[in-house]
file target15.cif (mmCIF, C-alpha atoms)
data_start
#
loop_
_atom_site.label_atom_id
_atom_site.label_comp_id
_atom_site.auth_asym_id
_atom_site.auth_seq_id
_atom_site.Cartn_x
_atom_site.Cartn_y
_atom_site.Cartn_z
CA MET A 274 -139.66 15.76 -23.09
CA THR A 275 -139.79 18.05 -20.11
CA SER A 276 -139.53 16.28 -16.79
CA VAL A 277 -142.46 16.67 -14.44
CA ALA A 278 -139.97 17.58 -11.74
CA THR A 279 -138.99 20.75 -13.57
CA LEU A 280 -142.60 21.92 -13.44
CA GLN A 281 -142.53 21.98 -9.64
CA PRO A 282 -140.42 24.93 -8.54
CA ASP A 283 -138.24 24.54 -5.48
CA PRO A 284 -139.75 26.10 -2.40
CA ALA A 285 -138.46 29.58 -1.68
CA PRO A 286 -135.68 29.60 0.93
CA ILE A 287 -136.66 30.85 4.37
CA LEU A 288 -135.10 34.30 4.75
CA ALA A 289 -136.54 35.23 8.13
CA CYS A 290 -138.40 33.86 11.12
CA THR A 291 -140.63 35.35 13.75
CA ILE A 292 -139.91 34.07 17.26
CA SER A 293 -142.48 34.56 20.00
CA ARG A 294 -144.47 32.90 22.74
CA ASP A 295 -147.52 33.01 20.46
CA VAL A 296 -147.35 34.86 17.15
CA GLN A 297 -151.13 35.23 17.14
CA ASN A 298 -150.65 37.91 19.78
CA PHE A 299 -148.88 39.97 17.10
CA GLU A 300 -151.31 39.96 14.17
CA MET A 301 -149.90 43.15 12.67
CA LEU A 302 -146.46 41.51 12.60
CA ILE A 303 -147.87 38.56 10.62
CA ASP A 304 -149.38 40.92 8.03
CA ASP A 305 -146.22 43.01 7.71
CA MET A 306 -143.99 39.92 7.36
CA GLU A 307 -146.21 38.58 4.58
CA ASN A 308 -146.17 41.92 2.79
CA ALA A 309 -142.40 42.18 3.04
CA LEU A 310 -141.33 38.58 2.42
CA GLY A 311 -144.25 36.73 0.89
CA GLU A 312 -143.80 33.04 1.71
CA SER A 313 -140.09 33.32 2.49
CA TRP A 314 -140.53 33.41 6.24
CA GLY A 315 -141.48 31.07 9.04
CA ASP A 316 -142.56 31.14 12.66
CA LEU A 317 -140.93 29.60 15.72
CA SER A 318 -141.86 29.39 19.36
CA PHE A 319 -139.31 30.16 22.05
CA ASP A 320 -139.03 26.41 22.69
CA ASP A 321 -138.18 25.59 19.06
CA ALA A 322 -136.01 28.61 18.25
CA LEU A 323 -132.75 27.47 19.87
CA LEU A 324 -133.04 24.02 18.30
CA PHE A 325 -133.68 25.42 14.81
CA LEU A 326 -130.91 28.04 15.02
CA GLY A 327 -128.44 25.24 15.66
CA GLN A 328 -129.38 23.38 12.47
CA PRO A 329 -127.89 23.84 8.95
CA GLU A 330 -131.25 25.09 7.63
CA ALA A 331 -130.79 28.27 9.65
CA SER A 332 -127.89 29.31 7.41
CA THR A 333 -130.30 30.92 4.91
CA LEU A 334 -131.79 33.28 7.50
CA GLU A 335 -131.16 36.98 7.03
CA PHE A 336 -132.81 37.95 10.28
CA VAL A 337 -135.16 36.88 13.04
CA ALA A 338 -137.92 39.07 14.46
CA ILE A 339 -138.25 38.36 18.17
CA ALA A 340 -141.65 39.53 19.42
CA VAL A 341 -142.02 40.01 23.18
CA ASP A 342 -144.56 41.59 25.49
CA ALA A 343 -144.87 42.25 29.21
CA GLU A 344 -145.69 38.60 29.97
CA ASP A 345 -142.32 37.53 28.56
CA GLU A 346 -140.28 39.53 31.07
CA ALA A 347 -140.19 36.52 33.38
CA ASP A 348 -138.53 34.56 30.56
CA LEU A 349 -135.75 36.98 29.60
CA THR A 350 -133.00 34.41 30.15
CA ARG A 351 -134.30 32.17 27.38
CA ILE A 352 -134.90 35.14 25.06
CA SER A 353 -131.36 36.34 25.77
CA ASP A 354 -130.01 32.90 24.81
CA ILE A 355 -131.89 33.10 21.50
CA ILE A 356 -130.38 36.51 20.71
CA ARG A 357 -126.86 35.29 21.56
CA THR A 358 -127.28 32.18 19.41
CA ALA A 359 -128.57 34.20 16.45
CA LYS A 360 -125.70 36.68 16.71
CA ALA A 361 -123.18 33.83 16.94
CA ARG A 362 -124.47 32.60 13.57
CA SER A 363 -124.35 36.13 12.06
CA ILE A 364 -128.13 36.35 11.90
CA LYS A 365 -129.53 39.85 12.39
CA VAL A 366 -132.06 40.40 15.18
CA VAL A 367 -135.06 42.75 15.13
CA LEU A 368 -136.80 43.20 18.47
CA ILE A 369 -140.57 43.74 18.39
CA ALA A 370 -141.61 44.99 21.84
CA ASP A 371 -145.12 45.48 23.18
CA GLN A 372 -145.40 47.20 26.58
CA LEU A 373 -141.96 45.93 27.63
CA SER A 374 -140.40 47.72 30.60
CA PRO A 375 -137.45 50.03 29.79
CA ILE A 376 -135.08 47.90 31.89
CA ALA A 377 -135.99 44.69 30.05
CA LEU A 378 -135.83 46.45 26.68
CA HIS A 379 -132.41 47.92 27.48
CA GLN A 380 -131.13 44.49 28.56
CA LEU A 381 -132.19 42.82 25.31
CA LEU A 382 -130.82 45.63 23.14
CA ARG A 383 -127.44 45.45 24.87
CA LEU A 384 -127.22 41.75 24.02
CA GLY A 385 -126.90 42.72 20.39
CA ALA A 386 -130.33 43.26 18.85
CA ASP A 387 -129.69 45.11 15.59
CA ASP A 388 -132.94 47.06 15.50
CA PHE A 389 -136.04 47.74 17.54
CA VAL A 390 -139.63 48.38 16.49
CA PRO A 391 -142.43 49.11 18.98
CA TYR A 392 -145.72 47.25 18.80
CA PRO A 393 -148.34 48.07 17.54
CA LEU A 394 -146.17 48.51 14.46
CA PRO A 395 -146.15 52.01 12.95
CA ASP A 396 -146.89 52.07 9.21
CA GLY A 397 -143.87 50.94 7.24
CA ALA A 398 -141.69 50.54 10.37
CA LEU A 399 -140.90 46.85 9.77
CA ASN A 400 -140.01 47.45 6.10
CA GLU A 401 -137.70 50.29 7.14
CA ALA A 402 -136.04 48.05 9.72
CA ILE A 403 -135.52 45.31 7.11
CA GLU A 404 -133.97 47.81 4.71
CA ARG A 405 -131.57 48.98 7.41
CA LEU A 406 -130.56 45.40 8.15
CA ARG A 407 -129.88 44.71 4.49
CA LYS A 408 -127.61 47.70 4.02
CA PRO A 409 -123.99 46.58 3.76
CA GLU A 410 -121.91 47.41 6.80
CA PRO A 411 -119.27 50.08 6.23
CA VAL A 412 -115.74 48.82 5.68
CA ARG A 413 -113.70 49.29 8.82
CA ILE A 414 -110.13 50.50 8.35
CA ALA A 415 -107.46 49.56 10.82
CA ALA A 416 -106.97 52.27 13.44
CA GLN A 417 -103.28 52.68 12.68
CA VAL A 418 -104.01 53.50 9.02
CA VAL A 419 -106.45 56.30 9.79
CA THR A 420 -104.59 59.50 10.62
CA GLU A 421 -107.70 61.53 11.47
CA PRO A 422 -111.45 60.89 11.65
CA PRO A 423 -113.52 61.70 8.57
CA ALA A 424 -114.55 65.36 8.64
CA GLU A 425 -118.22 64.60 7.93
CA THR A 426 -118.54 62.18 10.84
CA GLU A 427 -116.81 64.58 13.20
CA ALA A 428 -119.08 67.45 12.13
CA VAL A 429 -122.18 65.44 12.92
CA ALA A 430 -120.87 63.96 16.16
CA THR A 431 -119.53 66.98 17.99
CA PRO A 432 -120.20 70.74 18.18
CA LYS A 433 -118.90 72.74 15.21
CA PHE A 434 -118.14 75.96 17.05
CA LYS A 435 -115.07 76.82 19.10
CA ALA A 436 -115.26 77.48 22.82
CA LYS A 437 -115.02 81.24 23.28
CA GLY A 438 -116.72 81.71 26.64
CA ASP A 439 -118.75 84.57 25.19
CA ARG A 440 -122.19 83.52 26.46
CA GLU A 441 -124.14 83.89 29.69
CA GLY A 442 -126.39 80.88 29.44
CA VAL A 443 -129.74 80.56 31.20
CA VAL A 444 -129.51 77.49 33.47
CA LEU A 445 -132.74 75.47 33.64
CA PRO A 446 -132.54 72.27 35.72
CA VAL A 447 -135.39 69.75 35.58
CA HIS A 448 -136.03 67.59 38.65
CA GLY A 449 -138.65 64.86 38.97
CA LEU A 450 -140.11 64.80 42.47
CA ALA A 451 -141.24 61.19 42.12
CA GLY A 452 -140.54 58.25 39.85
CA GLY A 453 -142.23 58.34 36.47
CA THR A 454 -143.16 62.02 36.47
CA GLY A 455 -141.66 62.44 32.99
CA SER A 456 -138.83 64.77 33.91
CA SER A 457 -136.39 63.37 31.32
CA THR A 458 -139.01 63.54 28.58
CA PHE A 459 -139.74 67.14 29.58
CA ALA A 460 -136.03 68.07 29.67
CA VAL A 461 -135.25 66.54 26.27
CA ASN A 462 -138.24 68.09 24.52
CA LEU A 463 -137.82 71.50 26.17
CA ALA A 464 -134.17 71.55 25.06
CA TRP A 465 -135.13 70.62 21.49
CA GLU A 466 -137.92 73.20 21.30
CA LEU A 467 -135.51 75.92 22.45
CA ALA A 468 -132.87 74.75 19.97
CA THR A 469 -135.35 74.93 17.06
CA ILE A 470 -137.35 77.96 18.14
CA SER A 471 -136.08 79.98 15.17
CA LYS A 472 -134.98 78.87 11.72
CA THR A 473 -132.69 81.84 11.21
CA ASP A 474 -131.51 82.91 14.66
CA ALA A 475 -131.86 79.91 16.94
CA PRO A 476 -130.13 80.06 20.33
CA ARG A 477 -127.30 77.72 21.18
CA VAL A 478 -128.68 75.04 23.51
CA CYS A 479 -127.09 72.19 25.44
CA LEU A 480 -128.60 69.40 27.50
CA LEU A 481 -126.62 68.03 30.46
CA ASP A 482 -127.71 64.60 31.69
CA LEU A 483 -126.47 64.54 35.29
CA ASP A 484 -128.30 61.36 36.24
CA PHE A 485 -125.15 59.25 36.22
CA GLN A 486 -127.01 56.03 36.99
CA TYR A 487 -130.23 56.00 34.99
CA GLY A 488 -129.81 58.95 32.63
CA SER A 489 -131.93 58.41 29.53
CA ALA A 490 -131.34 61.53 27.42
CA ALA A 491 -129.04 59.53 25.11
CA THR A 492 -131.75 56.90 24.66
CA TYR A 493 -134.48 59.46 23.98
CA LEU A 494 -132.30 61.06 21.27
CA ASP A 495 -130.73 57.84 19.96
CA LEU A 496 -127.20 58.98 20.74
CA PRO A 497 -124.24 56.79 21.72
CA ARG A 498 -122.55 57.26 25.08
CA LYS A 499 -118.94 58.38 24.68
CA GLU A 500 -116.17 57.12 26.92
CA ILE A 501 -114.75 60.64 27.18
CA VAL A 502 -117.74 61.59 29.35
CA PHE A 503 -116.31 59.52 32.18
CA GLU A 504 -112.89 61.11 31.66
CA VAL A 505 -114.39 64.59 31.91
CA LEU A 506 -116.33 63.74 35.06
CA SER A 507 -113.26 62.15 36.63
CA ASP A 508 -111.05 65.20 36.20
CA THR A 509 -113.12 68.37 36.00
CA ALA A 510 -110.34 70.43 37.58
CA ASN A 511 -108.03 69.90 34.59
CA ILE A 512 -110.38 70.01 31.61
CA ASP A 513 -110.99 73.11 29.54
CA SER A 514 -114.00 74.22 27.54
CA ASP A 515 -112.63 72.69 24.31
CA THR A 516 -112.37 69.26 25.92
CA PHE A 517 -115.81 69.68 27.42
CA LEU A 518 -117.32 70.47 24.01
CA GLN A 519 -115.57 67.48 22.43
CA SER A 520 -117.25 65.23 24.98
CA MET A 521 -120.66 66.33 23.68
CA LEU A 522 -122.72 64.95 20.84
CA THR A 523 -125.06 66.84 18.55
CA PHE A 524 -128.60 65.85 17.68
CA ASN A 525 -129.67 66.91 14.18
CA GLU A 526 -126.94 69.57 14.24
CA ARG A 527 -129.03 71.75 16.55
CA LEU A 528 -128.96 70.38 20.10
CA HIS A 529 -125.72 69.63 21.96
CA VAL A 530 -125.90 66.84 24.52
CA PHE A 531 -123.61 65.83 27.36
CA THR A 532 -124.88 62.29 27.91
CA ALA A 533 -124.78 60.21 31.06
CA PRO A 534 -121.75 57.86 31.20
CA ALA A 535 -121.91 54.44 29.55
CA ASP A 536 -121.57 52.70 32.92
CA MET A 537 -123.56 53.28 36.07
CA LEU A 538 -121.65 55.57 38.44
CA PRO A 539 -122.28 56.65 42.02
CA LEU A 540 -123.94 60.05 42.17
CA ASP A 541 -121.28 61.34 44.55
CA ILE A 542 -118.47 60.71 42.05
CA LEU A 543 -118.52 64.49 41.67
CA GLY A 544 -118.49 67.09 44.40
CA PRO A 545 -120.21 70.49 44.43
CA GLU A 546 -117.16 72.23 42.96
CA ASP A 547 -116.90 69.71 40.11
CA ILE A 548 -120.53 70.15 39.11
CA GLY A 549 -120.14 73.91 39.42
CA ARG A 550 -117.24 73.87 36.94
CA VAL A 551 -119.22 71.78 34.44
CA ILE A 552 -122.25 74.08 34.60
CA ASP A 553 -120.10 77.22 34.41
CA MET A 554 -118.35 75.92 31.26
CA ALA A 555 -121.70 75.11 29.69
CA ALA A 556 -123.20 78.50 30.59
CA ALA A 557 -120.15 80.29 29.16
CA ASN A 558 -120.64 78.67 25.74
CA PHE A 559 -124.41 78.23 25.37
CA ASP A 560 -127.48 80.43 25.53
CA TYR A 561 -129.54 77.81 27.36
CA VAL A 562 -128.34 74.98 29.60
CA ILE A 563 -131.01 72.37 30.33
CA ILE A 564 -130.02 69.96 33.12
CA ASP A 565 -131.72 66.60 33.58
CA MET A 566 -131.29 65.99 37.31
CA PRO A 567 -131.38 62.72 39.23
CA LYS A 568 -134.38 62.30 41.51
CA THR A 569 -132.07 61.94 44.51
CA ILE A 570 -130.93 65.03 46.41
CA VAL A 571 -127.13 64.89 46.59
CA ALA A 572 -124.32 67.07 47.89
CA TRP A 573 -124.00 68.92 44.58
CA THR A 574 -127.72 69.68 44.19
CA GLU A 575 -126.98 72.97 45.98
CA SER A 576 -124.46 73.92 43.27
CA VAL A 577 -127.09 73.39 40.59
CA LEU A 578 -129.81 75.22 42.51
CA THR A 579 -127.68 78.29 43.22
CA ARG A 580 -126.72 78.60 39.53
CA ALA A 581 -130.23 77.96 38.24
CA HIS A 582 -132.33 80.79 36.88
CA VAL A 583 -135.44 78.62 37.15
CA TYR A 584 -135.53 75.15 38.74
CA PHE A 585 -138.36 73.06 37.26
CA ALA A 586 -139.84 70.53 39.70
CA LEU A 587 -142.12 67.98 38.05
CA LEU A 588 -144.91 66.33 40.01
CA GLU A 589 -148.16 64.48 39.44
CA LEU A 590 -151.59 64.78 40.98
CA ASP A 591 -151.02 62.17 43.68
CA LEU A 592 -150.13 61.85 47.34
CA ARG A 593 -146.50 60.79 46.84
CA SER A 594 -145.76 63.94 44.85
CA ALA A 595 -147.45 66.10 47.47
CA GLN A 596 -145.44 64.52 50.27
CA ASN A 597 -142.19 64.88 48.33
CA VAL A 598 -142.87 68.56 47.68
CA LEU A 599 -143.19 69.12 51.43
CA ARG A 600 -139.98 67.18 52.09
CA LEU A 601 -138.05 69.14 49.48
CA ILE A 602 -139.23 72.55 50.66
CA ARG A 603 -138.48 71.64 54.26
CA ALA A 604 -134.96 70.47 53.33
CA LEU A 605 -134.19 73.59 51.29
CA LYS A 606 -135.45 75.93 54.01
CA ALA A 607 -133.40 74.09 56.65
CA GLU A 608 -130.23 74.78 54.63
CA ALA A 609 -131.29 78.34 53.76
CA LEU A 610 -131.23 77.48 50.05
CA PRO A 611 -133.19 79.49 47.45
CA HIS A 612 -136.38 77.43 47.35
CA GLU A 613 -138.15 80.34 45.65
CA LYS A 614 -136.40 79.34 42.40
CA LEU A 615 -138.58 76.23 42.17
CA ARG A 616 -141.25 76.32 39.47
CA TYR A 617 -143.74 73.48 39.85
CA VAL A 618 -144.81 71.64 36.71
CA LEU A 619 -147.77 69.28 36.91
CA ASN A 620 -147.48 66.45 34.39
CA ARG A 621 -150.49 64.48 33.14
CA ALA A 622 -152.73 67.28 34.31
CA PRO A 623 -156.52 66.97 34.08
CA LYS A 624 -158.16 67.95 30.81
CA PHE A 625 -159.85 71.30 30.45
CA THR A 626 -163.30 69.74 30.77
CA ASP A 627 -162.37 67.74 33.90
CA LEU A 628 -163.76 70.13 36.49
CA SER A 629 -163.28 67.66 39.33
CA GLY A 630 -159.61 67.22 38.41
CA LYS A 631 -159.12 71.00 38.15
CA SER A 632 -160.55 71.35 41.62
CA ARG A 633 -158.11 68.73 42.96
CA VAL A 634 -155.19 70.63 41.43
CA LYS A 635 -156.32 73.83 43.11
CA ARG A 636 -156.70 72.13 46.51
CA MET A 637 -153.29 70.48 46.15
CA ALA A 638 -151.58 73.79 45.42
CA GLU A 639 -153.33 75.51 48.33
CA SER A 640 -152.53 72.75 50.81
CA LEU A 641 -148.86 72.77 49.80
CA ASP A 642 -148.74 76.59 49.64
CA ILE A 643 -147.19 76.50 46.17
CA ALA A 644 -148.13 77.81 42.73
CA ILE A 645 -148.41 75.22 39.98
CA GLU A 646 -147.42 77.44 37.08
CA VAL A 647 -147.30 74.88 34.27
CA GLN A 648 -149.77 72.07 33.63
CA LEU A 649 -148.78 69.52 31.01
CA PRO A 650 -151.42 67.31 29.39
CA ASP A 651 -151.03 63.54 29.09
CA GLY A 652 -149.23 62.81 25.82
CA SER A 653 -150.44 59.17 25.90
CA ALA A 654 -148.69 56.36 24.01
CA GLN A 655 -147.14 58.74 21.47
CA VAL A 656 -144.68 59.91 24.11
CA THR A 657 -143.39 56.39 24.78
CA GLN A 658 -143.17 55.70 21.06
CA ALA A 659 -141.20 58.89 20.43
CA ASN A 660 -138.78 58.08 23.25
CA ASP A 661 -138.32 54.51 22.03
CA HIS A 662 -137.63 55.80 18.51
CA GLY A 663 -135.05 58.23 19.89
CA LEU A 664 -136.80 61.35 18.56
CA PRO A 665 -138.36 64.46 20.13
CA LEU A 666 -142.14 64.73 19.98
CA SER A 667 -141.95 67.47 17.36
CA GLU A 668 -140.35 64.96 14.96
CA THR A 669 -142.87 62.14 15.47
CA ALA A 670 -146.08 63.70 16.80
CA ALA A 671 -145.98 67.45 16.20
CA LYS A 672 -149.66 67.88 17.06
CA ASN A 673 -149.44 65.99 20.34
CA PRO A 674 -150.93 68.17 23.13
CA LEU A 675 -147.88 67.65 25.36
CA ARG A 676 -145.57 68.79 22.58
CA LYS A 677 -147.67 71.91 21.98
CA GLU A 678 -147.56 72.85 25.67
CA ILE A 679 -143.78 72.38 25.89
CA GLN A 680 -143.38 74.41 22.69
CA LYS A 681 -145.48 77.19 24.23
CA LEU A 682 -143.33 77.13 27.39
CA ALA A 683 -140.11 77.27 25.36
CA LYS A 684 -141.36 80.31 23.45
CA SER A 685 -142.35 82.02 26.69
CA LEU A 686 -138.90 81.39 28.21
CA HIS A 687 -137.12 82.60 25.07
CA ASP A 688 -139.22 85.74 24.79
CA LEU A 689 -138.64 86.52 28.47
CA ASN A 690 -134.91 86.03 28.10
CA LYS A 691 -134.76 88.26 25.00
CA GLY A 692 -136.67 90.92 26.92
CA VAL A 693 -134.14 90.77 29.77
CA GLU A 694 -131.23 91.03 27.33
CA THR A 695 -132.84 94.01 25.62
CA GLY A 696 -133.30 95.69 28.98
CA LYS A 697 -129.62 95.18 29.82
CA ALA A 698 -128.58 96.68 26.50
#
call {"tool": "encode", "arguments": {"input": "target15.cif", "output": "structure tokens"}}
result
Amino acid sequence: MTSVATLQPDPAPILACTISRDVQNFEMLIDDMENALGESWGDLSFDDALLFLGQPEASTLEFVAIAVDAEDEADLTRISDIIRTAKARSIKVVLIADQLSPIALHQLLRLGADDFVPYPLPDGALNEAIERLRKPEPVRIAAQVVTEPPAETEAVATPKFKAKGDREGVVLPVHGLAGGTGSSTFAVNLAWELATISKTDAPRVCLLDLDFQYGSAATYLDLPRKEIVFEVLSDTANIDSDTFLQSMLTFNERLHVFTAPADMLPLDILGPEDIGRVIDMAAANFDYVIIDMPKTIVAWTESVLTRAHVYFALLELDLRSAQNVLRLIRALKAEALPHEKLRYVLNRAPKFTDLSGKSRVKRMAESLDIAIEVQLPDGSAQVTQANDHGLPLSETAAKNPLRKEIQKLAKSLHDLNKGVETGKA
């Protein structure tokens, strides 16, 4: 006779847990967890998480999904302890972040979070993250056994071509005249649009992130930061073009990126001559050199400005930007530097139908005695999502109005450059 006990199946083991201040604030996460795991998941508050992770029952967990929003930034210490405890027990961590500041997000990711998904959750994003977590980790071979890196990895990681010094690259620095003007987003997307402007005869493009303290080009393209970058910056007098190219990484085999160093460095670690050598090497091997500049004016800013063909200065329609434009022009004129190379780009410009906003732009330009030649529309939340995913706008939101305007600018620059080259020939 069959025992009654055998008719009652054992409850499914808990494979994952959500951890949050209040999971009801993340309704989409609840739905996606149920779709992915059925009943094999649970929910914990921040208060209960550390206690549960220390118990034997936690041994069945594959991962925890830690959901945080802006209100949780005051409680980062406790969240950090949860991540450390989970990693100590070999439990994977997925970070679900809603309106979290970049500094807080970076801090939590550096503690060892295995994946990150923005909230509201894009369709299928949680399932994709779970699949990535479940993939077996590659077997690591002892360093002394490996005689050379695998050719495929090397081809993806670094430029494929040899340094010949046969180019005369167009140097295009990008400088934000106030915090949050979107200069890094503009630089990254402009570089990518130039690198993909033609399927058959695309120019060779590199992006130099010279913001040694808060450079985010690597983050926006989901690239690691190589230790050799610091070595190159520390000894520019003795490096050659081959070494310089090896310090770069490639994004999707089209864009070559010299990332900011892994550690925060003082901006004056390099002098004007050092920066000049770096830019000259880049210009000798690439058709376009996009430079993401720090917002601070430093001793080597002059070296960049004198080598620039066009120096993009990003501003917004506010008083701080207007005041900073006046300060910059006054400083450049005092040093007899070529301020006429500046091309002013207004980010988050008023919409076409906003006549009042258009009038304010006109008055701002007249009062500053400048020409605002490029007006970029507000790309809204899609821009933040693209940056957090480490992809250019063309890869995540091709129809975004900001992407279309940057694409149009890239085509204009490329056509102008081709016209100049034809004239020289």
call {"tool": "resolve_selection", "arguments": {"input": "target15.cif", "expression": "the PyMOL selection byres ((chain A and resi 390) around 8)", "output": "PyMOL selection string"}}
result
chain A and resi 367-370+388-389+391-392+394+398-399+402+662
call {"tool": "write_last_selection", "arguments": {"input": "target15.cif", "atoms": "C-alpha atoms", "output": "PDB file, in the coordinates of the input"}}
result
ATOM      1  CA  VAL A 367    -135.060  42.750  15.130  1.00  0.00           C
ATOM      2  CA  LEU A 368    -136.800  43.200  18.470  1.00  0.00           C
ATOM      3  CA  ILE A 369    -140.570  43.740  18.390  1.00  0.00           C
ATOM      4  CA  ALA A 370    -141.610  44.990  21.840  1.00  0.00           C
ATOM      5  CA  ASP A 388    -132.940  47.060  15.500  1.00  0.00           C
ATOM      6  CA  PHE A 389    -136.040  47.740  17.540  1.00  0.00           C
ATOM      7  CA  PRO A 391    -142.430  49.110  18.980  1.00  0.00           C
ATOM      8  CA  TYR A 392    -145.720  47.250  18.800  1.00  0.00           C
ATOM      9  CA  LEU A 394    -146.170  48.510  14.460  1.00  0.00           C
ATOM     10  CA  ALA A 398    -141.690  50.540  10.370  1.00  0.00           C
ATOM     11  CA  LEU A 399    -140.900  46.850   9.770  1.00  0.00           C
ATOM     12  CA  ALA A 402    -136.040  48.050   9.720  1.00  0.00           C
ATOM     13  CA  HIS A 662    -137.630  55.800  18.510  1.00  0.00           C
TER      14      HIS A 662
END
call {"tool": "resolve_selection", "arguments": {"input": "target15.cif", "expression": "the PyMOL selection byres ((chain A and resi 618) around 10)", "output": "PyMOL selection string"}}
result
chain A and resi 447-449+454+456+459+585-589+615-617+619-622+644-649
call {"tool": "write_last_selection", "arguments": {"input": "target15.cif", "atoms": "C-alpha atoms", "output": "PDB file, keeping the file's coordinate frame"}}
result
ATOM      1  CA  VAL A 447    -135.390  69.750  35.580  1.00  0.00           C
ATOM      2  CA  HIS A 448    -136.030  67.590  38.650  1.00  0.00           C
ATOM      3  CA  GLY A 449    -138.650  64.860  38.970  1.00  0.00           C
ATOM      4  CA  THR A 454    -143.160  62.020  36.470  1.00  0.00           C
ATOM      5  CA  SER A 456    -138.830  64.770  33.910  1.00  0.00           C
ATOM      6  CA  PHE A 459    -139.740  67.140  29.580  1.00  0.00           C
ATOM      7  CA  PHE A 585    -138.360  73.060  37.260  1.00  0.00           C
ATOM      8  CA  ALA A 586    -139.840  70.530  39.700  1.00  0.00           C
ATOM      9  CA  LEU A 587    -142.120  67.980  38.050  1.00  0.00           C
ATOM     10  CA  LEU A 588    -144.910  66.330  40.010  1.00  0.00           C
ATOM     11  CA  GLU A 589    -148.160  64.480  39.440  1.00  0.00           C
ATOM     12  CA  LEU A 615    -138.580  76.230  42.170  1.00  0.00           C
ATOM     13  CA  ARG A 616    -141.250  76.320  39.470  1.00  0.00           C
ATOM     14  CA  TYR A 617    -143.740  73.480  39.850  1.00  0.00           C
ATOM     15  CA  LEU A 619    -147.770  69.280  36.910  1.00  0.00           C
ATOM     16  CA  ASN A 620    -147.480  66.450  34.390  1.00  0.00           C
ATOM     17  CA  ARG A 621    -150.490  64.480  33.140  1.00  0.00           C
ATOM     18  CA  ALA A 622    -152.730  67.280  34.310  1.00  0.00           C
ATOM     19  CA  ALA A 644    -148.130  77.810  42.730  1.00  0.00           C
ATOM     20  CA  ILE A 645    -148.410  75.220  39.980  1.00  0.00           C
ATOM     21  CA  GLU A 646    -147.420  77.440  37.080  1.00  0.00           C
ATOM     22  CA  VAL A 647    -147.300  74.880  34.270  1.00  0.00           C
ATOM     23  CA  GLN A 648    -149.770  72.070  33.630  1.00  0.00           C
ATOM     24  CA  LEU A 649    -148.780  69.520  31.010  1.00  0.00           C
TER      25      LEU A 649
END
call {"tool": "resolve_selection", "arguments": {"input": "target15.cif", "expression": "the PyMOL selection byres ((chain A and resi 372) around 10)", "output": "list in words"}}
result
Val341, Asp342, Ala343, Glu344, Ala370, Asp371, Leu373, Ser374, Pro375, Leu378, Pro391, Tyr392, Pro393 and Thr657 of chain A
call {"tool": "atom_distance", "arguments": {"input": "target15.cif", "atom1": "CA of Arg383 in chain A", "atom2": "CA of Val366 in chain A"}}
result
11.9 Å
call {"tool": "atom_distance", "arguments": {"input": "target15.cif", "atom1": "CA of Leu384 in chain A", "atom2": "CA of Glu312 in chain A"}}
result
29.1 Å
call {"tool": "atom_distance", "arguments": {"input": "target15.cif", "atom1": "CA of Thr492 in chain A", "atom2": "CA of Lys568 in chain A"}}
result
17.9 Å
call {"tool": "closest_atom_pairs", "arguments": {"input": "target15.cif", "of": "range 480-545 of chain A", "to": "range 428-443 of chain A", "cutoff": "10 Å", "atoms": "all atoms listed in the file", "output": "Markdown table"}}
result
| residue | atom | partner | partner_atom | distance |
| --- | --- | --- | --- | --- |
| A:Leu496 | CA | A:Ala430 | CA | 9.3 |
| A:Pro497 | CA | A:Ala430 | CA | 9.7 |
| A:Asp513 | CA | A:Ala436 | CA | 9.1 |
| A:Ser514 | CA | A:Ala436 | CA | 5.9 |
| A:Asp515 | CA | A:Ala436 | CA | 5.7 |
| A:Thr516 | CA | A:Ala436 | CA | 9.2 |
| A:Phe517 | CA | A:Ala436 | CA | 9.1 |
| A:Leu518 | CA | A:Pro432 | CA | 6.5 |
| A:Gln519 | CA | A:Thr431 | CA | 6.0 |
| A:Ser520 | CA | A:Thr431 | CA | 7.6 |
| A:Met521 | CA | A:Thr431 | CA | 5.8 |
| A:Leu522 | CA | A:Thr431 | CA | 4.7 |
| A:Thr523 | CA | A:Thr431 | CA | 5.6 |
| A:Phe524 | CA | A:Val429 | CA | 8.0 |
| A:Asn525 | CA | A:Val429 | CA | 7.7 |
| A:Glu526 | CA | A:Val429 | CA | 6.4 |
| A:Arg527 | CA | A:Pro432 | CA | 9.0 |
| A:Leu528 | CA | A:Pro432 | CA | 9.0 |
| A:His529 | CA | A:Pro432 | CA | 6.8 |
| A:Val530 | CA | A:Thr431 | CA | 9.1 |
call {"tool": "closest_residue", "arguments": {"input": "target15.cif", "among": "A:Asp396, A:Glu330, A:Asp474, A:Asp321", "to": "Leu302 in chain A", "atoms": "all atoms listed in the file"}}
result
A:Asp396
call {"tool": "closest_residue", "arguments": {"input": "target15.cif", "among": "A:Val562, A:Thr509, A:Arg351, A:Trp314", "to": "Pro476 in chain A", "atoms": "all atoms listed in the file"}}
result
A:Val562
call {"tool": "closest_residue", "arguments": {"input": "target15.cif", "among": "A:Tyr493, A:Trp465, A:Phe299, A:Tyr561", "to": "Ile339 in chain A", "atoms": "all atoms listed in the file"}}
result
A:Phe299
call {"tool": "residues_around", "arguments": {"input": "target15.cif", "residues": "Ile287 in chain A", "least_positions_apart": "3", "cutoff": "12 Å", "atoms": "only C-alpha atoms", "output": "list of chain:residue names"}}
result
A:Asp283, A:Pro284, A:Cys290, A:Thr291, A:Leu310, A:Gly311, A:Glu312, A:Ser313, A:Trp314, A:Gly315, A:Asp316, A:Glu330, A:Ala331, A:Ser332, A:Thr333, A:Leu334, A:Glu335, A:Phe336, A:Val337
